[in-house]
Amino acid sequence: MTAFVLVLLALVGMPLFVVLGAAALVATHAAELDPALLMVEFARLAASPNLVAIPLFVLAGTVLEKGGAPRRLVRFFNALLGWMPAGIAWVTAATCMLFTAFSGASGVTILALGGLLYPMLKQEGYPQNFALGLVTAGGSMGLLLPPSLAVLLYGVVAQVDIGALFVAGLLPTLLLFLLVGGYALLRGARGAPRHRFRAGELAAAARAAWADLLLPVGVIAGLAFGVLTVAELAAFTALYACVLELVIHRTLGRAALGPIVREASMLVGSLFAILGLSLGLTNLLIDAQVPMRLLEWVQARVATPLEFLLWMNLALLAVGCMMDIFSAIVIVTPLLLPVAAHFGVHPVHLGIVILANLEIGYLTPPVGINLFLASQRFAQPVLAVFRATLPFLVLMLGWLALVTYVPALSLWRLSGA
């Protein structure tokens with residue numbers, strides 16, 4: 001009965017850290033343990049060497065958002081790709097992917113870029129449903145690219161090398177980009193005009209955005225070649241973002257840093273509260289042998305890794321429908337890790353599959369947050385937004401199948417090592 005009440009409270013909007021804290025206290029009381037044991041997880045979390053990366057990357061994303069990076073990126077990609085068939089669609093996908101990775105939040109992409117990209121697509125002759133669906137789905141793409149907060153969170157919870165996770169997400173993201181662009185060529189670009197390539201505009205856009213574009217190149221190169229640790233890259237990224245907006249572009253003044261730091265701190269604080277409490281609750285579940293019972297249940301019904309991955313996908317898609325991505329990561333990851341290990345699924349591949357599923361969850365009702373944000377941002381009914389997004393949802397489900405059943409897409413670097 002208590003579990004039902006807590007789930008109900010979470011569904012009606014009670015803050016997740018409150019629900020998790022209550023669940024952890026109820027579990028400690030039922031096990032006749034000292035509730036102070038929950039604080040042990042906060043101490044262990046504070047000692048994690050990768051923990052410092054989370055607030056630094058969040059700060060960098062917030063600074064870039066407030067400093068005008070979205071407009072500079074849209075201008076550059078439009079000058080670079082706008083002349084191609086379905087060029088504006090490629091621009092939309094590329095910009096959304098890159099900005100989602102740096103902002104750390106899918107919804108921020110819709111709110112920050114939607115006002116630029118949605119009217120641009122409609123002005124270029126794209127069908128309204130296609131434009132609405134592409135911008136809404138675009139907010140869900142890019143979560144596997146560095147320095148995505150979701151990847152960092154999975155790495156901390158699963159204790160998996162975060163650099164390996166970021167490298168593993170590169171090919172799946174490229175594949176999704178090509179699939180979306182290919183669909184745009186077949187469906188969305190009918191009747192859309194093509195623009196003449198203008199070297200002068202590209203040069204001007206490159207001059208305005210060169211520093212923004214160097215940042216993801218530097219982060220990916222640093223991770224791929226092992227030049228810097230994740231914590232060092234996070235510090236470099238935050239410093240670079242501040243220098244970029246305060247010194248190079250001068251779009252922000254020193255007075256703006258206070259509100260930016262407060263906004264980033266609120267997000268980080270809520271994440272840390274959720275993470276610490278969920279890890280404490282997870283330890284209680286482990287003490288109660290819940291993962292082992294789950295493993296025994298799965299072993300009795302699932303015979304092959306292929307079957308396990310199929311059922312895991314179905315379960316994760318259901319979780320993604322009901323729960324935000326950060327909450328889902330910290331809750332389901334500890335439960336899935338031992339089961340995946342039993343079936344020989346690499347933890348890096350498991351992480352990419354989990355995140356790909358939860359990425360799709362942004363577009364699925366009843367709690368597909370991107371649907372509600374797009375509905376509010378573009379003044380469209382939620383049902384209309386879902387219908388517009390449905391073709392991209394089907395496309396992403398096909399992409400999920402490839403990522404799940406072709407592990408080489410995620411493990412190419414590890415298999416070549």
# chains A, B, ... in the order shown; residues from 1 in each chain; ligands from 1
>>> select_by_dssp(residues="range 218-250 of chain A", states="helix (DSSP H, G or I)", output="ChimeraX atom specification")
/A:218-224,230-248
>>> residues_around(residues="range 86-92 of chain A", least_positions_apart="5", cutoff="6 Å", atoms="only C-alpha atoms", output="count of residues only")
6
>>> closest_residue(among="A:Ala79, A:Ile54, A:Leu400, A:Ala69", to="Glu201 in chain A", atoms="only C-alpha atoms")
A:Ala79
>>> closest_residue(among="A:Arg301, A:His346, A:Arg377, A:Arg387", to="Ser410 in chain A", atoms="only C-alpha atoms")
A:His346
>>> residues_around(residues="Ile329 in chain A", least_positions_apart="5", cutoff="9 Å", atoms="only C-alpha atoms", output="PDB file with N, CA and C atoms, in the first residue's frame")
ATOM      1  N   ALA A 150      23.239  13.056 -19.315  1.00  0.00           N
ATOM      2  CA  ALA A 150      22.683  11.708 -19.146  1.00  0.00           C
ATOM      3  C   ALA A 150      23.791  10.651 -19.182  1.00  0.00           C
ATOM      4  N   LEU A 153      25.734  10.781 -15.935  1.00  0.00           N
ATOM      5  CA  LEU A 153      24.984  10.200 -14.835  1.00  0.00           C
ATOM      6  C   LEU A 153      25.036   8.678 -14.887  1.00  0.00           C
ATOM      7  N   TYR A 154      24.859   8.101 -16.080  1.00  0.00           N
ATOM      8  CA  TYR A 154      24.945   6.649 -16.200  1.00  0.00           C
ATOM      9  C   TYR A 154      26.342   6.157 -15.800  1.00  0.00           C
ATOM     10  N   VAL A 157      26.613   6.173 -11.980  1.00  0.00           N
ATOM     11  CA  VAL A 157      25.784   5.142 -11.344  1.00  0.00           C
ATOM     12  C   VAL A 157      26.336   3.745 -11.619  1.00  0.00           C
ATOM     13  N   ASP A 324      11.098  10.745 -16.049  1.00  0.00           N
ATOM     14  CA  ASP A 324      12.117  11.536 -16.728  1.00  0.00           C
ATOM     15  C   ASP A 324      13.432  10.765 -16.776  1.00  0.00           C
ATOM     16  N   PRO A 334      21.039   0.151 -11.735  1.00  0.00           N
ATOM     17  CA  PRO A 334      21.548  -0.873 -10.808  1.00  0.00           C
ATOM     18  C   PRO A 334      20.799  -2.205 -10.908  1.00  0.00           C
ATOM     19  N   ILE A 354      20.301   1.718 -22.964  1.00  0.00           N
ATOM     20  CA  ILE A 354      19.425   2.344 -21.966  1.00  0.00           C
ATOM     21  C   ILE A 354      19.142   3.795 -22.350  1.00  0.00           C
ATOM     22  N   LEU A 355      20.189   4.544 -22.681  1.00  0.00           N
ATOM     23  CA  LEU A 355      20.012   5.957 -22.997  1.00  0.00           C
ATOM     24  C   LEU A 355      19.235   6.151 -24.291  1.00  0.00           C
ATOM     25  N   LEU A 358      15.604   5.721 -23.405  1.00  0.00           N
ATOM     26  CA  LEU A 358      15.079   6.848 -22.644  1.00  0.00           C
ATOM     27  C   LEU A 358      15.017   8.115 -23.495  1.00  0.00           C
TER      28      LEU A 358
END
